[in-house]
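This is my_file.cif. It holds mmCIF, C-alpha atoms.
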data_coords
loop_
_atom_site.label_atom_id
_atom_site.label_comp_id
_atom_site.auth_asym_id
_atom_site.auth_seq_id
_atom_site.Cartn_x
_atom_site.Cartn_y
_atom_site.Cartn_z
CA MET J 1 14.23 -57.24 -7.55
CA ILE J 2 16.23 -54.31 -6.18
CA THR J 3 16.71 -52.91 -9.70
CA PHE J 4 12.99 -53.21 -10.39
CA LEU J 5 11.97 -51.61 -7.08
CA SER J 6 14.52 -48.81 -7.45
CA ARG J 7 13.08 -47.84 -10.83
CA ILE J 8 9.61 -47.59 -9.29
CA LEU J 9 10.38 -46.08 -5.89
CA ILE J 10 13.51 -43.93 -6.37
CA LYS J 11 12.65 -40.72 -8.18
CA GLU J 12 16.04 -39.01 -7.66
CA PRO J 13 18.74 -41.69 -8.15
CA GLU J 14 21.63 -39.21 -8.00
CA GLY J 15 22.94 -37.06 -5.18
CA GLU J 16 22.41 -37.28 -1.44
CA ASN J 17 18.67 -37.97 -1.74
CA GLY J 18 19.31 -40.85 -4.14
CA ARG J 19 21.95 -42.28 -1.84
CA LYS J 20 19.59 -42.19 1.12
CA ALA J 21 16.80 -43.75 -0.96
CA TYR J 22 19.02 -46.64 -2.14
CA GLY J 23 20.20 -47.30 1.40
CA THR J 24 16.66 -47.26 2.78
CA LEU J 25 15.33 -49.56 0.06
CA CYS J 26 18.10 -52.14 0.47
CA SER J 27 17.78 -52.10 4.26
CA VAL J 28 14.00 -52.64 4.17
CA VAL J 29 14.34 -55.48 1.65
CA GLY J 30 17.09 -56.97 3.83
CA ILE J 31 14.86 -56.90 6.91
CA LEU J 32 11.99 -58.66 5.09
CA LEU J 33 14.19 -61.35 3.49
CA ASN J 34 16.04 -62.10 6.73
CA VAL J 35 12.80 -62.42 8.70
CA LEU J 36 11.47 -64.87 6.08
CA LEU J 37 14.72 -66.85 6.22
CA PHE J 38 14.58 -66.95 10.03
CA VAL J 39 11.05 -68.38 9.95
CA GLY J 40 11.97 -70.99 7.33
CA LYS J 41 15.17 -72.09 9.07
CA TYR J 42 13.52 -72.12 12.48
CA VAL J 43 10.92 -74.55 11.15
CA ALA J 44 13.65 -76.63 9.53
CA GLY J 45 15.66 -76.62 12.77
CA VAL J 46 12.69 -77.78 14.84
CA LEU J 47 11.87 -80.54 12.35
CA SER J 48 15.46 -81.80 12.10
CA ASN J 49 16.65 -81.17 15.69
CA SER J 50 19.80 -79.55 14.24
CA VAL J 51 21.72 -77.07 16.41
CA ALA J 52 23.52 -75.81 13.30
CA ILE J 53 20.24 -74.97 11.53
CA MET J 54 18.77 -73.33 14.64
CA ALA J 55 21.93 -71.25 15.10
CA ASP J 56 21.83 -70.32 11.42
CA ALA J 57 18.18 -69.28 11.86
CA PHE J 58 18.94 -66.93 14.73
CA ASN J 59 21.89 -65.61 12.77
CA ASN J 60 19.38 -64.52 10.11
CA LEU J 61 17.24 -62.92 12.81
CA SER J 62 20.30 -60.95 13.93
CA ASP J 63 20.84 -60.01 10.29
CA ALA J 64 17.33 -58.54 10.24
CA GLY J 65 18.31 -56.48 13.27
CA SER J 66 21.53 -55.47 11.53
CA SER J 67 19.57 -54.32 8.49
CA PHE J 68 17.40 -52.24 10.81
CA VAL J 69 20.52 -50.68 12.34
CA THR J 70 21.82 -49.94 8.83
CA LEU J 71 18.46 -48.34 7.97
CA VAL J 72 18.66 -46.11 11.04
CA GLY J 73 22.24 -45.27 10.08
CA PHE J 74 21.19 -44.09 6.62
CA LEU J 75 18.34 -42.01 8.04
CA PHE J 76 20.62 -40.29 10.57
CA ALA J 77 23.49 -39.91 8.09
CA GLY J 78 21.13 -38.11 5.73
CA LYS J 79 20.37 -35.39 8.28
CA LYS J 80 21.67 -31.98 7.36
CA ALA J 81 24.35 -30.17 9.33
CA ASP J 82 23.24 -28.28 12.42
CA THR J 83 24.72 -26.12 15.16
CA ASP J 84 26.00 -29.07 17.18
CA HIS J 85 27.25 -30.99 14.13
CA PRO J 86 28.49 -28.46 11.55
CA PHE J 87 30.08 -31.21 9.45
CA GLY J 88 26.83 -33.16 9.16
CA HIS J 89 25.96 -36.65 10.38
CA GLY J 90 27.58 -38.73 7.63
CA ARG J 91 29.83 -40.68 10.00
CA PHE J 92 26.76 -42.14 11.70
CA GLU J 93 26.66 -44.60 8.80
CA TYR J 94 30.09 -45.88 9.80
CA ILE J 95 28.89 -46.26 13.37
CA SER J 96 25.86 -48.27 12.25
CA GLY J 97 28.15 -50.49 10.18
CA PHE J 98 30.31 -51.08 13.26
CA VAL J 99 27.23 -52.04 15.30
CA VAL J 100 26.36 -54.55 12.57
CA SER J 101 29.83 -56.08 12.87
CA LEU J 102 29.46 -56.38 16.67
CA VAL J 103 26.16 -58.21 16.22
CA ILE J 104 27.86 -60.56 13.76
CA LEU J 105 30.64 -61.30 16.25
CA LEU J 106 28.13 -61.90 19.07
CA MET J 107 26.20 -64.41 16.94
CA GLY J 108 29.46 -66.14 16.03
CA PHE J 109 30.33 -66.51 19.72
CA GLU J 110 26.89 -67.88 20.62
CA LEU J 111 27.00 -70.33 17.72
CA MET J 112 30.46 -71.50 18.77
CA LYS J 113 29.20 -72.30 22.27
CA SER J 114 26.16 -74.22 21.01
CA SER J 115 28.25 -76.16 18.49
CA VAL J 116 30.90 -77.19 21.04
CA LEU J 117 28.13 -78.47 23.34
CA LYS J 118 26.70 -80.42 20.41
CA ILE J 119 30.10 -82.03 19.80
CA VAL J 120 30.42 -83.00 23.47
CA HIS J 121 26.80 -84.21 23.69
CA PRO J 122 25.71 -85.20 20.16
CA GLU J 123 22.01 -85.65 19.41
CA PRO J 124 20.29 -87.37 16.46
CA VAL J 125 19.60 -85.12 13.45
CA ASP J 126 16.65 -85.69 11.14
CA THR J 127 17.60 -85.21 7.48
CA GLY J 128 14.19 -84.61 5.89
CA ILE J 129 13.85 -83.25 2.36
CA LEU J 130 11.89 -80.17 3.51
CA ALA J 131 14.75 -78.97 5.72
CA MET J 132 17.24 -79.40 2.89
CA VAL J 133 15.04 -77.51 0.42
CA ILE J 134 14.75 -74.63 2.91
CA LEU J 135 18.54 -74.52 3.28
CA ILE J 136 19.11 -74.52 -0.50
CA VAL J 137 16.64 -71.65 -0.93
CA SER J 138 18.37 -69.81 1.92
CA VAL J 139 21.76 -70.10 0.20
CA LEU J 140 20.36 -68.68 -3.04
CA VAL J 141 18.62 -65.80 -1.23
CA LYS J 142 21.76 -64.92 0.74
CA LEU J 143 23.91 -64.95 -2.39
CA TYR J 144 21.44 -62.56 -4.01
CA MET J 145 21.53 -60.31 -0.92
CA ALA J 146 25.35 -60.31 -1.01
CA PHE J 147 25.23 -59.35 -4.69
CA TYR J 148 22.81 -56.44 -4.39
CA ASN J 149 24.36 -55.08 -1.18
CA GLN J 150 27.83 -55.13 -2.75
CA SER J 151 26.58 -53.55 -6.00
CA VAL J 152 24.59 -50.79 -4.35
CA GLY J 153 27.25 -50.32 -1.64
CA LYS J 154 29.84 -49.72 -4.36
CA LYS J 155 27.46 -47.46 -6.30
CA ILE J 156 26.79 -45.16 -3.33
CA ALA J 157 30.14 -45.72 -1.53
CA SER J 158 28.55 -47.17 1.61
CA ALA J 159 30.80 -48.94 4.13
CA ALA J 160 27.73 -50.19 6.04
CA MET J 161 26.24 -51.87 2.96
CA LYS J 162 29.57 -53.43 2.02
CA ALA J 163 29.75 -54.85 5.54
CA THR J 164 26.24 -56.26 5.10
CA ALA J 165 27.30 -57.81 1.79
CA LYS J 166 30.19 -59.61 3.47
CA ASP J 167 27.85 -60.81 6.20
CA SER J 168 25.40 -62.19 3.59
CA LEU J 169 28.20 -64.00 1.78
CA SER J 170 29.47 -65.58 5.00
CA ASP J 171 25.89 -66.58 5.84
CA SER J 172 25.53 -68.40 2.53
CA LEU J 173 28.79 -70.27 3.12
CA ALA J 174 27.69 -71.10 6.67
CA THR J 175 24.39 -72.52 5.40
CA ILE J 176 26.28 -74.62 2.84
CA PHE J 177 28.23 -76.18 5.73
CA VAL J 178 24.98 -76.96 7.52
CA LEU J 179 23.58 -78.51 4.33
CA VAL J 180 26.73 -80.62 3.92
CA ALA J 181 26.35 -81.86 7.50
CA MET J 182 22.79 -83.02 6.76
CA LEU J 183 23.86 -84.77 3.54
CA VAL J 184 26.70 -86.57 5.35
CA MET J 185 24.24 -87.68 8.05
CA ARG J 186 21.68 -88.80 5.48
CA PHE J 187 24.00 -90.84 3.23
CA PHE J 188 26.79 -91.94 5.60
CA GLY J 189 25.13 -91.88 9.02
CA VAL J 190 27.90 -89.72 10.50
CA ASN J 191 26.77 -86.87 12.79
CA ILE J 192 29.01 -83.84 12.12
CA ASP J 193 26.32 -81.29 13.04
CA GLY J 194 28.41 -79.81 15.87
CA ILE J 195 31.61 -79.72 13.81
CA CYS J 196 29.84 -77.89 10.99
CA GLY J 197 28.41 -75.50 13.57
CA VAL J 198 31.98 -74.66 14.67
CA LEU J 199 33.02 -74.07 11.04
CA VAL J 200 30.00 -71.82 10.55
CA SER J 201 30.91 -69.80 13.64
CA LEU J 202 34.47 -69.32 12.33
CA PHE J 203 33.10 -67.93 9.06
CA ILE J 204 30.85 -65.59 11.02
CA PHE J 205 33.79 -64.43 13.19
CA TYR J 206 35.83 -63.69 10.08
CA ALA J 207 32.98 -61.72 8.51
CA GLY J 208 32.47 -59.75 11.73
CA ILE J 209 36.15 -58.84 12.12
CA THR J 210 36.42 -57.82 8.45
CA ALA J 211 33.27 -55.71 8.66
CA ALA J 212 34.47 -54.06 11.89
CA LYS J 213 37.76 -53.09 10.27
CA GLU J 214 36.06 -51.64 7.20
CA THR J 215 33.77 -49.45 9.32
CA LEU J 216 36.33 -48.46 11.97
CA ASP J 217 39.02 -47.43 9.48
CA PRO J 218 37.00 -44.46 8.10
CA LEU J 219 36.24 -43.33 11.67
CA LEU J 220 39.92 -43.42 12.60
CA GLY J 221 40.91 -41.74 9.34
CA LEU J 222 41.98 -43.28 6.03
CA PRO J 223 44.19 -41.77 3.33
CA PRO J 224 42.17 -40.69 0.28
CA ASP J 225 42.06 -42.82 -2.86
CA LYS J 226 44.93 -42.16 -5.27
CA GLU J 227 42.39 -41.47 -8.02
CA PHE J 228 40.82 -38.70 -5.91
CA VAL J 229 44.22 -37.14 -5.14
CA ASP J 230 45.12 -37.30 -8.84
CA GLN J 231 41.89 -35.45 -9.65
CA ILE J 232 42.78 -32.73 -7.13
CA GLU J 233 46.27 -32.34 -8.56
CA SER J 234 44.98 -32.30 -12.14
CA ILE J 235 42.46 -29.53 -11.41
CA VAL J 236 44.88 -27.33 -9.45
CA MET J 237 47.91 -27.78 -11.70
CA ALA J 238 45.87 -26.99 -14.83
CA HIS J 239 46.23 -23.28 -13.95
CA ASP J 240 49.32 -21.51 -15.29
CA MET J 241 50.39 -19.64 -12.16
CA ILE J 242 50.43 -22.76 -9.97
CA GLU J 243 54.01 -24.07 -9.78
CA GLY J 244 53.32 -27.05 -7.52
CA ILE J 245 51.18 -28.34 -4.65
CA HIS J 246 51.97 -30.09 -1.37
CA ASP J 247 50.56 -30.75 2.12
CA VAL J 248 47.34 -32.12 0.65
CA VAL J 249 44.93 -33.21 3.39
CA VAL J 250 41.49 -34.74 2.81
CA HIS J 251 39.08 -34.77 5.75
CA ASP J 252 36.25 -37.32 5.46
CA TYR J 253 33.11 -36.62 7.49
CA GLY J 254 31.08 -39.33 5.82
CA PRO J 255 30.09 -40.15 2.24
CA GLY J 256 29.68 -36.96 0.22
CA ARG J 257 31.12 -34.80 3.02
CA ARG J 258 34.80 -34.26 2.29
CA MET J 259 36.98 -31.22 2.94
CA ILE J 260 40.28 -30.54 1.19
CA SER J 261 43.17 -28.37 2.31
CA LEU J 262 46.41 -27.94 0.38
CA HIS J 263 49.33 -25.59 -0.22
CA ALA J 264 49.81 -24.19 -3.71
CA GLU J 265 53.16 -22.76 -4.78
CA VAL J 266 52.71 -19.49 -6.69
CA PRO J 267 55.19 -16.95 -8.18
CA GLY J 268 56.28 -14.52 -5.49
CA ASN J 269 56.66 -11.66 -7.98
CA ARG J 270 53.05 -11.64 -9.23
CA ASP J 271 50.27 -9.36 -7.99
CA ILE J 272 48.83 -10.79 -4.77
CA TYR J 273 45.26 -9.79 -5.67
CA GLU J 274 45.54 -11.56 -9.01
CA ILE J 275 46.81 -14.72 -7.32
CA HIS J 276 44.15 -14.53 -4.60
CA ASP J 277 41.45 -14.32 -7.26
CA LEU J 278 42.94 -17.39 -8.99
CA ILE J 279 42.98 -19.36 -5.71
CA ASP J 280 39.32 -18.48 -5.10
CA ASN J 281 38.42 -19.74 -8.57
CA ILE J 282 40.31 -23.02 -8.03
CA GLU J 283 38.54 -23.58 -4.70
CA ARG J 284 35.18 -23.12 -6.41
CA GLU J 285 36.22 -25.46 -9.23
CA LEU J 286 37.19 -28.17 -6.73
CA ASN J 287 33.87 -27.69 -4.95
CA GLU J 288 31.82 -28.01 -8.13
CA THR J 289 33.82 -30.86 -9.69
CA LEU J 290 34.53 -33.05 -6.65
CA GLN J 291 31.59 -31.97 -4.43
CA CYS J 292 33.80 -30.98 -1.51
CA GLU J 293 34.84 -27.90 0.40
CA ALA J 294 38.37 -26.74 -0.43
CA VAL J 295 40.80 -24.39 1.33
CA ILE J 296 44.07 -23.48 -0.45
CA HIS J 297 47.04 -21.82 1.23
CA MET J 298 49.28 -19.73 -1.03
CA ASP J 299 53.03 -20.40 -0.82
CA PRO J 300 54.99 -17.70 -2.72
CA ILE J 301 58.24 -18.95 -4.24
CA GLU J 302 60.98 -17.41 -6.38
CA THR J 303 60.55 -18.64 -9.93
CA ASP J 304 63.06 -16.42 -11.73
CA ASN J 305 66.13 -17.06 -9.54
CA GLU J 306 68.36 -19.57 -11.34
CA GLU J 307 70.64 -20.08 -8.33
CA ILE J 308 67.74 -21.10 -6.08
CA THR J 309 66.42 -23.47 -8.76
CA ARG J 310 69.89 -25.02 -9.14
CA MET J 311 70.43 -25.46 -5.41
CA LYS J 312 66.96 -26.94 -4.91
CA GLN J 313 67.72 -29.60 -7.52
CA ILE J 314 71.07 -30.39 -5.91
CA VAL J 315 69.59 -30.66 -2.40
CA ALA J 316 66.68 -32.80 -3.63
CA THR J 317 69.12 -35.17 -5.36
CA GLU J 318 71.30 -35.47 -2.25
CA ILE J 319 68.29 -36.14 0.01
CA LYS J 320 67.12 -38.91 -2.32
CA LYS J 321 70.30 -40.75 -1.26
CA ILE J 322 68.95 -40.83 2.30
CA ASN J 323 65.58 -42.18 1.18
CA GLU J 324 64.14 -42.23 -2.33
CA SER J 325 60.62 -41.31 -1.13
CA ILE J 326 61.54 -38.03 0.62
CA THR J 327 60.59 -34.86 -1.28
CA ILE J 328 61.19 -31.18 -0.51
CA HIS J 329 59.21 -27.97 -1.06
CA ASP J 330 59.06 -24.29 -0.01
CA PHE J 331 62.77 -23.96 -0.79
CA ARG J 332 64.47 -20.65 0.07
CA MET J 333 68.04 -19.37 0.46
CA VAL J 334 69.29 -16.76 2.94
CA THR J 335 72.90 -15.78 2.29
CA GLY J 336 74.99 -14.41 5.19
CA ASP J 337 78.62 -13.35 5.72
CA THR J 338 79.76 -16.76 7.00
CA HIS J 339 77.30 -19.26 5.53
CA THR J 340 74.09 -19.72 3.55
CA ASN J 341 70.92 -21.11 5.12
CA LEU J 342 68.90 -23.44 2.92
CA ILE J 343 65.36 -23.30 4.28
CA PHE J 344 62.84 -25.91 3.17
CA ASP J 345 60.27 -28.52 4.22
CA ALA J 346 60.88 -32.24 3.75
CA LEU J 347 57.90 -34.56 3.26
CA VAL J 348 58.52 -38.00 4.80
CA PRO J 349 56.03 -40.79 3.95
CA PHE J 350 54.85 -43.19 6.68
CA GLU J 351 56.60 -46.18 5.11
CA THR J 352 59.98 -44.55 5.76
CA LYS J 353 61.63 -46.55 8.54
CA LEU J 354 63.68 -43.63 9.85
CA SER J 355 62.13 -41.44 12.56
CA ALA J 356 61.45 -37.76 11.87
CA LYS J 357 64.35 -36.86 14.17
CA ASP J 358 66.74 -39.18 12.32
CA VAL J 359 65.63 -37.83 8.94
CA LYS J 360 66.14 -34.27 10.09
CA GLN J 361 69.65 -35.02 11.40
CA SER J 362 70.57 -36.90 8.22
CA ILE J 363 69.41 -34.02 6.03
CA GLU J 364 71.31 -31.46 8.12
CA THR J 365 74.48 -33.56 7.91
CA THR J 366 74.04 -34.11 4.16
CA VAL J 367 73.65 -30.38 3.48
CA GLU J 368 76.63 -29.46 5.68
CA ASN J 369 78.80 -31.95 3.76
CA MET J 370 77.90 -30.39 0.41
CA GLU J 371 80.48 -28.31 -1.39
CA GLY J 372 80.22 -24.77 -0.06
CA ASN J 373 79.23 -23.47 3.37
CA TYR J 374 75.55 -24.43 3.71
CA TYR J 375 73.33 -25.06 6.71
CA ALA J 376 69.93 -26.72 6.49
CA VAL J 377 66.95 -25.19 8.27
CA VAL J 378 64.52 -28.01 7.64
CA HIS J 379 61.01 -28.75 8.84
CA ILE J 380 59.78 -32.35 8.62
CA ASP J 381 56.28 -32.69 7.19
CA GLN J 382 54.04 -35.70 7.63
CA SER J 383 52.23 -37.16 4.65
CA TYR J 384 48.46 -37.64 4.89
CA LEU J 385 48.12 -39.39 1.54
#
structure tokens encoding of this file:
Amino acid sequence: MITFLSRILIKEPEGENGRKAYGTLCSVVGILLNVLLFVGKYVAGVLSNSVAIMADAFNNLSDAGSSFVTLVGFLFAGKKADTDHPFGHGRFEYISGFVVSLVILLMGFELMKSSVLKIVHPEPVDTGILAMVILIVSVLVKLYMAFYNQSVGKKIASAAMKATAKDSLSDSLATIFVLVAMLVMRFFGVNIDGICGVLVSLFIFYAGITAAKETLDPLLGLPPDKEFVDQIESIVMAHDMIEGIHDVVVHDYGPGRRMISLHAEVPGNRDIYEIHDLIDNIERELNETLQCEAVIHMDPIETDNEEITRMKQIVATEIKKINESITIHDFRMVTGDTHTNLIFDALVPFETKLSAKDVKQSIETTVENMEGNYYAVVHIDQSYL
């Protein structure tokens, strides 16, 4: 249905307008389907006197509200940048996804309370065919909603839609539990309505916590995908005068609103205007290819000094003995009457167990113990990848 409607209603499937259109379409369809499911389950709950079905019905009503919140999120996220928000409103989509997760958790809590009361004070449950048919249809509809939300969410890179997909999947599993409870009551005469309600609430809690994490992580700041970083490196390093890159930082202000900053090592003996022109061209290439703003800092290095190249390799090898993941860049040598300063930056990944202070001390000690009279002037860099 979504594919059919998108072909009719979405005139510009690509770009920011297409993304907004897909999000709006899926949210509107989600609202309509969840309202229909609420009405059907509410009727089934009244007819069967099942707390699990009634809770499941109101869960669908909350899902309709969540779809509305997601719709509002897409509309606000699509707003262009303004004076107060120069980076746009893209992160509003993450906020709407987080609100959806809070609603999911609230419904899980309410269902848990109702189910525990039903266990303590069990009531007869009618197991009519109509109620079961409604539940089976609900499972199929929710599975379809999980499928299209996941597919479109992946297509347009939407955290909010992926959260909705997880919610739909947990809803279908929850409804299956309710259906099992009715079948057990019908064929074995055992009332497990309250127990199944508890199981449903646990599924809902899990979906809510997972969705909250997936929408909070981008707000707090996630490292970029390796594939995206590889694309950056491939584009920059394709130019002859670029000797290396480091200190790559990707700022994410919402889907389609990324900013890149990095340091590019360039020959220190080349014309600065020529290099500046090259850097400008690379920034434009990154912008056009990856649809992001890019800022590149030039780091001049000596490329024709064999002694510096030799010492850099020696120091890098020695530092690998401290920790295999530590790398160095911006390597320089300043020779004095009594000793030689080796000046460089060391990049320490987060997974390194040593503190920055310990790494710095270890590097200084390692360099001082090398053959010759060397001191390390080292700055510890933090990795953002």
For this session: To verify the selection step, state as a VMD selection string which residues the PyMOL selection byres ((chain J and resi 103-108) around 12) yields on this input.
Result: chain J and resid 52 54 to 70 96 to 102 109 to 115 163 to 164 166 to 168 170 to 171 174 197 to 212
For this session: Kindly give the distance, in Å, that separates CA of Gly189 (chain J) and CA of Leu47 (chain J), rounded to a single decimal.
Result: 17.8 Å
Problem set entry | Selection under test: the PyMOL selection byres ((chain J and resi 279) around 12); residues as a ChimeraX atom specification | /J:235-237,239-242,262-266,272-278,280-286,294-299
Exercise. For the file shown, what are the residues hit by the PyMOL selection byres ((chain J and resi 223) around 7), laid out as a PyMOL selection string?
Worked result: chain J and resi 221-222+224-225+384-385
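Residue neighbourhood of region 337-340 of chain J, excluding near-sequence residues (fewer than 5 positions): Gly372, Asn373, Tyr374, Tyr375 and Ala376 of chain J, at 10 Å, using all atoms listed in the file.
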Exercise. Interatomic distance between CA of Glu306 (chain J) and CA of Ser234 (chain J)?
Worked result: 26.6 Å
For this session: Just the residues within 7 Å of Asp330 (chain J), please, counting all atoms listed in the file, with nothing from its chain fewer than 6 positions along; format it as a ChimeraX atom specification.
Result: /J:301,344-345
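Nearest-residue note for Val190 (chain J): choosing from J:Ser355, J:Thr366, J:Thr127, J:Gln361, the minimum distance belongs to J:Thr127, counting all atoms listed in the file.
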If you take every atom of region 239-248 of chain J that the file lists and fit an axis-aligned box around them with 3 Å extra on each side, what centre and edge lengths come out in Å to one decimal, as JSON?
{"center_x": 50.1, "center_y": -25.9, "center_z": -6.6, "size_x": 13.8, "size_y": 18.5, "size_z": 23.4}
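Minimum distance to Cys292 (chain J) across J:Gln313, J:Asn149, J:Ser172, J:Phe87 (counting only C-alpha atoms) occurs at J:Phe87.
Counting only C-alpha atoms and comparing J:Val377, J:Val249, J:Thr317, J:Leu169, the residue that lies closest to Arg332 (chain J) is J:Val377.
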Exercise. Between J:Ser383, J:Thr289, J:Ser138, J:Ser151, which is the closest to Thr352 (chain J) once you count all atoms listed in the file?
Worked result: J:Ser383
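Note that CA of Gly244 (chain J) and CA of Arg270 (chain J) are 15.5 Å apart.
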For this session: Counting only C-alpha atoms, figure out which residue out of J:Asp126, J:Val137, J:Val180, J:Thr309 gets nearest to Gly45 (chain J).
Result: J:Asp126
